[in-house]
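For reference, the structure is listed below as structure tokens.
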Amino acid sequence: MLPEGDRAATVFISYSRRDMALVDRLDAGLQARGVKTLVDRAAIEVGERWFDRLKDLISRAETILFVLSPDSVGSKICAEEVAFGRKLHKRFIPVVVRRVEEPSVPEALSELNYVFLDDEGTYEAQLDRLVAAIGTDLAWMRAHADLGRLAEEWNGAGRPRGLLLGGARLGAAEAWIASRPAHAPLPTEDTRALIAASRRAARHWRNGLIGALALGLLVALGLAALAYVQRQDAVAQRQEADRQARIAGEQREEARKQEAEARRQTARAIEETRKAEQRAAILAANVGRALAEDGFVDQALLLLLRSADTFRREAAPDDMLIAFTTALTAAAGTRTVPLPATVKVFPTRRGAYLFDRATRNLMQLDGHATKPILEGRPDDRDILLLEEAPDGRGLIVLREGWLVEQLGWSGARATVRRLPLAGSGVEETATGEEGGRASIGQNGLVLAAEGDGLLHVLDAVTGQYFTATGSFPRPLALTDSRGIRHVSGDDRFYRVVFQGREGGSLQPVKPHPGQTFDMSFGPCLNGAEETQRREALKYVRELALDRPGADIVACRRVAGKLLVTRVSFGSAGRARDDAVIGEFYRTTIRAMLNDLDRIRVPKGNVTTVAIEPGTGRLAVLIGRDLVVLGDDSEVLLHKRHASAPAYAAFDGPDRVVVVDPEGGVLKIHDIAHQDARSLLVRSLSGDAASSLKLRSQQDACRAASRAAGTLPGGGVVSVVTGRTRGIQVVRGESRTIVPLPDDACPVFDEDRTRLMIVRDKAVVYDLGRVAEAGRLDGGVIGTLDPGEGGQAYFLRGSPDILTVSSQPVRMWRWNVDSSGRWRGEEVYRGKDEVFAVEPDAGGTRLVVTEQVGLATLRAYLYSLTARREWLHLGQMYKWLSAGFDDDGHVVVKFGEDRAKVFRIPDLAGMVAEARDSLSPGCRPPSADAYAASPCWPHGIE
């Protein structure tokens with residue numbers, strides 16, 4: 001706010017009319033803070049010579065505010081206003097209301113300090129900063145405008161003597177031009193010409209007066225008294241001028257101090273604003289990272305993209321880069337295909353089928369696309385249940401109204417029968433095949449139970465049909481041996497026996513346990529190894545699956561594995577158990593998930609387990625999580641979705657398709673491409689992978705024994721072995737060997753100024769002092785305790801030392817404080833033993849390799865500044881190594897024949913990839929308008 005009582009500062013606002021709404025707000029804010037504004041939309045009358053009027057407004061203003069936007073920098077009128085303002089040497093302040101590319105900004109404005117009014121969160125603070133800038137040197141700028149207008153008028157009138165300055169006005173003008181502040185605009189040529197002409201005219205008048213006095217000597221004698229008085233006046237005027245000059249100098253000095261203080265305060269305010277914006281951006285980035293980890297990838301990307309603007313002109317912190325890495329890794333290898341809300345999904349053993357209730361079309365999910373099966377008719381009823389025909393030649397469907405149809409792959413259809421049941425069948429089948437009162441078996445049997453104990457049995461392949469009475473509560477369970485397992489727990493099976501087209505019965509069967517097992521699982525075990533049969537039988541008997549009960553049991557045999565599934569229904573609802581039985585092992589899916597160390601899967605029931613027939617890979621859906629497991633339970637893929645998918649299936653060995661009706665999408669996940677492209681440099685195999693070299697401190701002892709280095713003060717240092725093991729220092733003709741203990745492992749820092757030996761403790765030595773003393777204890781500069789099983793490393797690019805303990809798993813960063821004492825700070829705490837640590841060249845990031853379990857190694861990138869794991873690099877049994885190469889890239893080697901190289905990403909590359917990774921329906925309506933996206937996270941402004 002400008003001080004009250006001061007003549008209001010006057011500014012001219014140059015803008016594009018497309019920014020009228022933004023200028024209206026700016027105009028109101030300035031006037032509320034005591035600034036007088038000149039805006040052409042309100043002040044120019046119709047019929048005036050508009051540009052002459054604009055020139056007049058610009059002349060009256062002390063400062064020109066140029067409203068920067070993509071439209072104003074391309075406006076011809078705005079360019080003419082800038083040119084005329086430059087001609088008058090006006091002060092310009094660029095005000096950003098919409099971001100523009102730097103090269104498009106006019107040269108007269110590009111080097112000036114901008115005021116940013118494009119962020120709602122800082123708008124008022126930035127407006128206050130603008131008013132403060134307008135008020136800087138206000139008196140001098142006001143005189144600049146007034147004298148400029150007088151000079152323009154004098155010049156336009158032909159420079160007549162009558163418009164020249166005189167007396168006190170001339171003195172004030174000369175004092176003004178001499179007191180120009182350091183960063184104020186120069187006076188115009190016309191202004192300087194007016195002041196100079198006025199001074200010449202004043203001198204001419206004085207000289208003419210003296211000549212007249214010389215010619216009139218007598219008059220001069222008579223006027224001697226007058227001359228004396230004039231002399232006295234001149235002396236007084238000189239004294240007054242000296243006093244005024246002294247005051248002007250003091251005022252200039254005071255103004256200079258005030259201007260310097262104002263600049264300091266402005267810079268401090270800008271810096272504080274910048275830091276506050278960065279803190280808010282990092283907080284938003286951490287929220288985005290959490291969203292990505294929870295499956296809301298598009299929301300995370302949008303939030304991160306808007307936060308990244310804060311670090312456009314400087315290096316982004318690791319927190320921001322880690323958040324982007326998390327979101328981009330979650331999005332990598334995933335393609336989203338919209339799924340209409342009217343689509344129902346029917347999973348089967350061989351795939352999934354989609355029925356669109358709007359179009360009545362039936363489709364098969366084929367990879368990442370859909371293949372038409374049947375084109376719907378307007379009178380087609382809703383499909384309630386669906387199963388593939390046992391001969392593989394088509395589908396069997398149960399439609400609303402109890403209509404059973406056979407559908408062929410070529411689009412043919414045939415009505416099998418309309419079951420004579422009351423109602424539409426919607427409520428009876430609403431709980432699905434496993435829990436409803438109707439079901440279609442993989443053997444082609446269609447069953448429907450009525451509340452009075454009547455069971456309808458239909459062979460959808462042959463059309464044979466009969467009814468039977470009995471107690472048939474939910475669910476209706478089918479076996480592959482054309483029998484129906486009774487669900488009341490009376491230890492009996494019922495075999496379906498048809499008698500002609502219309503007739504048949506359910507014949508009770510009471511087999512012994514071995515027969516029960518073969519009846520339920522015989523088809524699955526054909527061709528299985530004997531050990532697998534024994535393990536399967538043992539598992540089935542442990543769970544009492546060979547006795548009828550309220551369970552559904554299924555068995556699948558793929559790629560040498562058996563997958564035995566039990567679905568039970570109790571008071572707590574539906575529960576599912578899956579066992580994987582190999583030739584020499586047996587485990588459950590839940591046990592496999594619980595043993596995973598790197599990922600956390602939610603508690604609850606497994607909803608889908610798919611097997612890839614060629615590789616035996618397992619795709620497991622549990623809650624919102626998809627986990628793909630390979631050999632030895634290796635996690636090949638883990639994706640969390642925003643809502644719980646209904647179905648998952650393999651589309652080849654490296655692709656999994658997930659159906660998410662609630663989210664209205666199909667998600668296609670590529671197992672082979674899970675790395676964000678802004679991080680992955682290349683993948684290598686064969687000789688290219690085996691020849692890849694890492695910089696590693698794991699082999700520091702042998703490296704030290706092979707390498708010689710130059711001491712900072714001159715001389716060569718190396719480690720010698722043999723009968724005398726020690727550190728050898730050679731200076732000219734002098735050679736000194738400092739003995740080393742037999743079990744000592746010497747490690748040098750990069751510039752050969754320090755030496756470290758790690759045994760029970762990590763002892764740090766000054767290498768120069770050791771060389772001078774000729775013994776180790778002559779150069780001790782610190783003793784650190786790395787803890788049990790400790791390791792210690794010099795951090796490259798830093799004087800600090802990193803120590804690692806295995807029990808408990810901790811990392812500490814040590815440095816020397818101002819008092820010369822070593823102080824440590826904990827930078828990492830984990831649960832798995834650290835196998836190796838490799839620092840980067842700057843000492844800010846680590847590649848950490850941990851031992852998981854007995855012999856599995858896991859590697860990841862860790863940020864010391866963010867105190868957070870950055871990127872999972874890989875996991876492998878024994879033969880995993882990871883570190884940095886000479887180019888600063890992160891390298892992970894899987895044995896000797898496979899490797900990956902990652903880069904430490906820059907923010908610009910991650911922003912570009914994040915924009916491309918947004919799902920089609922989540923992209924913003926215009927560039928940078930991320931909050932306007934329909935996927936913008938709720939509750940965040």
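If you're wondering about the labels, chains in the structure tokens are A, B, ... by order shown, residues count from 1 in each chain, ligands from 1 in order shown.
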Contacts between segment 835-856 of chain A and segment 739-812 of chain A, please, where a residue of segment 739-812 of chain A counts if it comes within 7 Å (with only C-alpha atoms); show its shortest atom pair and distance in Å to one decimal, rows by chain and ascending number, as CSV.
residue,atom,partner,partner_atom,distance
A:Leu795,CA,A:Gly843,CA,4.9
A:Arg796,CA,A:Ala841,CA,4.8
A:Gly797,CA,A:Gly842,CA,4.5
A:Ser798,CA,A:Gly843,CA,5.8
Save the residues we just selected, all heavy atoms, as a PDB file, in the first residue's frame?
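In the end it all went to result03.pdb:
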ATOM      1  N   LEU A 795      33.013 -41.600   1.140  1.00  0.00           N
ATOM      2  CA  LEU A 795      32.023 -41.102   0.202  1.00  0.00           C
ATOM      3  C   LEU A 795      32.721 -40.254  -0.851  1.00  0.00           C
ATOM      4  O   LEU A 795      33.390 -39.262  -0.519  1.00  0.00           O
ATOM      5  CB  LEU A 795      30.958 -40.278   0.918  1.00  0.00           C
ATOM      6  CG  LEU A 795      29.976 -41.064   1.790  1.00  0.00           C
ATOM      7  CD1 LEU A 795      29.017 -40.118   2.496  1.00  0.00           C
ATOM      8  CD2 LEU A 795      29.204 -42.072   0.954  1.00  0.00           C
ATOM      9  N   ARG A 796      32.579 -40.629  -2.104  1.00  0.00           N
ATOM     10  CA  ARG A 796      33.190 -39.857  -3.178  1.00  0.00           C
ATOM     11  C   ARG A 796      32.576 -38.468  -3.231  1.00  0.00           C
ATOM     12  O   ARG A 796      31.393 -38.282  -3.004  1.00  0.00           O
ATOM     13  CB  ARG A 796      32.978 -40.567  -4.526  1.00  0.00           C
ATOM     14  CG  ARG A 796      33.665 -41.909  -4.632  1.00  0.00           C
ATOM     15  CD  ARG A 796      33.641 -42.390  -6.086  1.00  0.00           C
ATOM     16  NE  ARG A 796      34.191 -43.720  -6.202  1.00  0.00           N
ATOM     17  CZ  ARG A 796      33.474 -44.827  -6.329  1.00  0.00           C
ATOM     18  NH1 ARG A 796      32.174 -44.737  -6.366  1.00  0.00           N
ATOM     19  NH2 ARG A 796      34.047 -45.996  -6.419  1.00  0.00           N
ATOM     20  N   GLY A 797      33.405 -37.496  -3.590  1.00  0.00           N
ATOM     21  CA  GLY A 797      32.913 -36.127  -3.707  1.00  0.00           C
ATOM     22  C   GLY A 797      32.585 -35.480  -2.384  1.00  0.00           C
ATOM     23  O   GLY A 797      31.930 -34.436  -2.342  1.00  0.00           O
ATOM     24  N   SER A 798      33.025 -36.083  -1.270  1.00  0.00           N
ATOM     25  CA  SER A 798      32.681 -35.566   0.051  1.00  0.00           C
ATOM     26  C   SER A 798      33.762 -36.015   1.035  1.00  0.00           C
ATOM     27  O   SER A 798      34.368 -37.079   0.862  1.00  0.00           O
ATOM     28  CB  SER A 798      31.313 -36.104   0.487  1.00  0.00           C
ATOM     29  OG  SER A 798      31.084 -35.877   1.859  1.00  0.00           O
TER      30      SER A 798
END
Practice problem: Identify, on the basis of only C-alpha atoms, every residue whose closest approach to Arg306 of chain A does not exceed 10 Å; exclude the query and any residue fewer than 5 positions from it along the same chain; express the result as a count of residues only. | Solution: 9
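When only C-alpha atoms are used to measure the gap to Trp936 of chain A, the shortest distance among A:Leu445, A:Arg256, A:Gly288, A:Glu102 belongs to A:Gly288.
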**OP:** Can you list, as a VMD selection string, all residues belonging to segment 797-937 of chain A that DSSP tags as strand (DSSP E or B)?
**Re:** chain A and resid 801 to 807 809 to 816 822 to 829 833 to 839 845 to 852 856 to 863 868 to 877 880 to 884 890 to 894 898 to 902
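The spacing separating atom CA of Leu666 of chain A from atom CA of Glu913 of chain A amounts to 21.4 Å.
One finds atom CA of Gln442 of chain A at 27.3 Å from atom CA of Glu662 of chain A.
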Write out as a list of chain:residue names each polymer residue whose atoms come within 6 Å of segment 650-659 of chain A, counting only C-alpha atoms; drop sequence neighbours fewer than 2 positions from it. A:Gly367, A:Glu612, A:Pro645, A:Ala646, A:Tyr647, A:Ala648, A:Leu666, A:Lys667, A:Ile668, A:His669, A:Asp670, A:Ile671, A:Ala672
Write out the residues from the selection above, keeping all heavy atoms, as a tab-separated table (two decimals), in the first residue's frame.
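Result file part_12.tsv:
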chain	number	residue	atom	x	y	z
A	367	GLY	N	-6.27	-60.43	-25.98
A	367	GLY	CA	-5.11	-59.57	-25.72
A	367	GLY	C	-5.57	-58.25	-25.17
A	367	GLY	O	-6.28	-58.16	-24.18
A	612	GLU	N	-0.06	-69.01	-16.90
A	612	GLU	CA	0.40	-68.91	-18.29
A	612	GLU	C	0.86	-70.29	-18.73
A	612	GLU	O	1.78	-70.87	-18.13
A	612	GLU	CB	1.56	-67.90	-18.36
A	612	GLU	CG	1.76	-67.29	-19.75
A	612	GLU	CD	2.36	-68.27	-20.74
A	612	GLU	OE1	3.39	-68.88	-20.40
A	612	GLU	OE2	1.79	-68.41	-21.84
A	645	PRO	N	-9.98	-55.09	-9.47
A	645	PRO	CA	-10.32	-55.72	-10.75
A	645	PRO	C	-11.17	-56.97	-10.54
A	645	PRO	O	-11.17	-57.59	-9.47
A	645	PRO	CB	-8.95	-56.08	-11.35
A	645	PRO	CG	-7.95	-55.26	-10.61
A	645	PRO	CD	-8.51	-55.09	-9.23
A	646	ALA	N	-11.90	-57.33	-11.61
A	646	ALA	CA	-12.76	-58.51	-11.52
A	646	ALA	C	-12.12	-59.74	-12.09
A	646	ALA	O	-12.51	-60.86	-11.76
A	646	ALA	CB	-14.08	-58.23	-12.27
A	647	TYR	N	-11.08	-59.56	-12.94
A	647	TYR	CA	-10.57	-60.70	-13.67
A	647	TYR	C	-9.19	-60.38	-14.21
A	647	TYR	O	-8.88	-59.23	-14.54
A	647	TYR	CB	-11.53	-61.02	-14.83
A	647	TYR	CG	-11.04	-62.09	-15.76
A	647	TYR	CD1	-11.05	-63.43	-15.41
A	647	TYR	CD2	-10.55	-61.76	-17.02
A	647	TYR	CE1	-10.60	-64.41	-16.27
A	647	TYR	CE2	-10.09	-62.74	-17.90
A	647	TYR	CZ	-10.12	-64.06	-17.52
A	647	TYR	OH	-9.67	-65.02	-18.36
A	648	ALA	N	-8.33	-61.39	-14.30
A	648	ALA	CA	-7.01	-61.25	-14.90
A	648	ALA	C	-6.71	-62.48	-15.72
A	648	ALA	O	-7.09	-63.60	-15.34
A	648	ALA	CB	-5.94	-61.05	-13.83
A	666	LEU	N	-9.87	-51.52	-19.16
A	666	LEU	CA	-9.00	-52.68	-19.25
A	666	LEU	C	-7.58	-52.19	-19.03
A	666	LEU	O	-7.18	-51.18	-19.61
A	666	LEU	CB	-9.09	-53.33	-20.65
A	666	LEU	CG	-10.43	-53.91	-21.09
A	666	LEU	CD1	-10.30	-54.43	-22.51
A	666	LEU	CD2	-10.85	-55.03	-20.18
A	667	LYS	N	-6.83	-52.89	-18.22
A	667	LYS	CA	-5.42	-52.56	-18.01
A	667	LYS	C	-4.58	-53.68	-18.62
A	667	LYS	O	-4.75	-54.85	-18.27
A	667	LYS	CB	-5.11	-52.45	-16.52
A	667	LYS	CG	-5.78	-51.27	-15.82
A	667	LYS	CD	-5.05	-49.97	-16.08
A	667	LYS	CE	-5.62	-48.85	-15.22
A	667	LYS	NZ	-4.94	-47.58	-15.44
A	668	ILE	N	-3.69	-53.31	-19.53
A	668	ILE	CA	-2.80	-54.28	-20.15
A	668	ILE	C	-1.40	-54.03	-19.60
A	668	ILE	O	-0.81	-52.97	-19.83
A	668	ILE	CB	-2.81	-54.17	-21.68
A	668	ILE	CG1	-4.23	-54.40	-22.22
A	668	ILE	CG2	-1.85	-55.17	-22.29
A	668	ILE	CD1	-4.99	-53.17	-22.52
A	669	HIS	N	-0.88	-55.00	-18.85
A	669	HIS	CA	0.42	-54.85	-18.20
A	669	HIS	C	1.47	-55.69	-18.93
A	669	HIS	O	1.28	-56.89	-19.13
A	669	HIS	CB	0.35	-55.31	-16.73
A	669	HIS	CG	-0.63	-54.54	-15.91
A	669	HIS	ND1	-0.49	-53.19	-15.66
A	669	HIS	CD2	-1.77	-54.93	-15.27
A	669	HIS	CE1	-1.50	-52.79	-14.91
A	669	HIS	NE2	-2.29	-53.81	-14.66
A	670	ASP	N	2.55	-55.04	-19.33
A	670	ASP	CA	3.65	-55.71	-20.03
A	670	ASP	C	4.73	-56.07	-19.01
A	670	ASP	O	5.38	-55.20	-18.43
A	670	ASP	CB	4.22	-54.78	-21.11
A	670	ASP	CG	5.14	-55.51	-22.07
A	670	ASP	OD1	5.72	-56.53	-21.66
A	670	ASP	OD2	5.28	-55.06	-23.21
A	671	ILE	N	4.92	-57.36	-18.79
A	671	ILE	CA	5.89	-57.81	-17.79
A	671	ILE	C	7.31	-57.46	-18.20
A	671	ILE	O	8.17	-57.15	-17.36
A	671	ILE	CB	5.76	-59.33	-17.57
A	671	ILE	CG1	4.35	-59.67	-17.08
A	671	ILE	CG2	6.80	-59.85	-16.59
A	671	ILE	CD1	4.06	-61.16	-17.04
A	672	ALA	N	7.58	-57.49	-19.50
A	672	ALA	CA	8.95	-57.30	-19.98
A	672	ALA	C	9.36	-55.83	-20.03
A	672	ALA	O	10.54	-55.53	-20.24
A	672	ALA	CB	9.10	-57.92	-21.37
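Of the listed residues A:Leu164, A:Leu506, A:Leu563, A:Leu339, the one whose atoms come nearest to Tyr465 of chain A is A:Leu506, with distances taken using only C-alpha atoms.
Among the candidates A:Arg399, A:His889, A:Gly604, A:Ile757, the residue lying nearest to Arg682 of chain A is A:His889 (atoms considered: only C-alpha atoms).
Residue nearest Ala300 of chain A, chosen from A:Leu328, A:Val627, A:Val816, A:Leu880 and counting only C-alpha atoms: A:Leu328.
For the set A:Phe794, A:Trp50, A:Phe12, A:Tyr765, the residue with the smallest atom-to-atom gap to Lys36 of chain A is A:Phe12, counting only C-alpha atoms.
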Can you pull out the residues contacting Leu30 of chain A? Cut-off 12 Å, using only C-alpha atoms, and skip same-chain residues under 4 positions away; I want them as a list of chain:residue names. A:Met1, A:Leu2, A:Ala8, A:Ala9, A:Thr10, A:Val11, A:Phe12, A:Ile13, A:Val23, A:Asp24, A:Arg25, A:Leu26, A:Gly34, A:Val35, A:Lys36, A:Thr37, A:Leu38, A:Val39, A:Leu65, A:Glu124, A:Gln126, A:Leu127, A:Asp128, A:Arg129, A:Leu130, A:Val131, A:Ala132, A:Ile134, A:Gly135
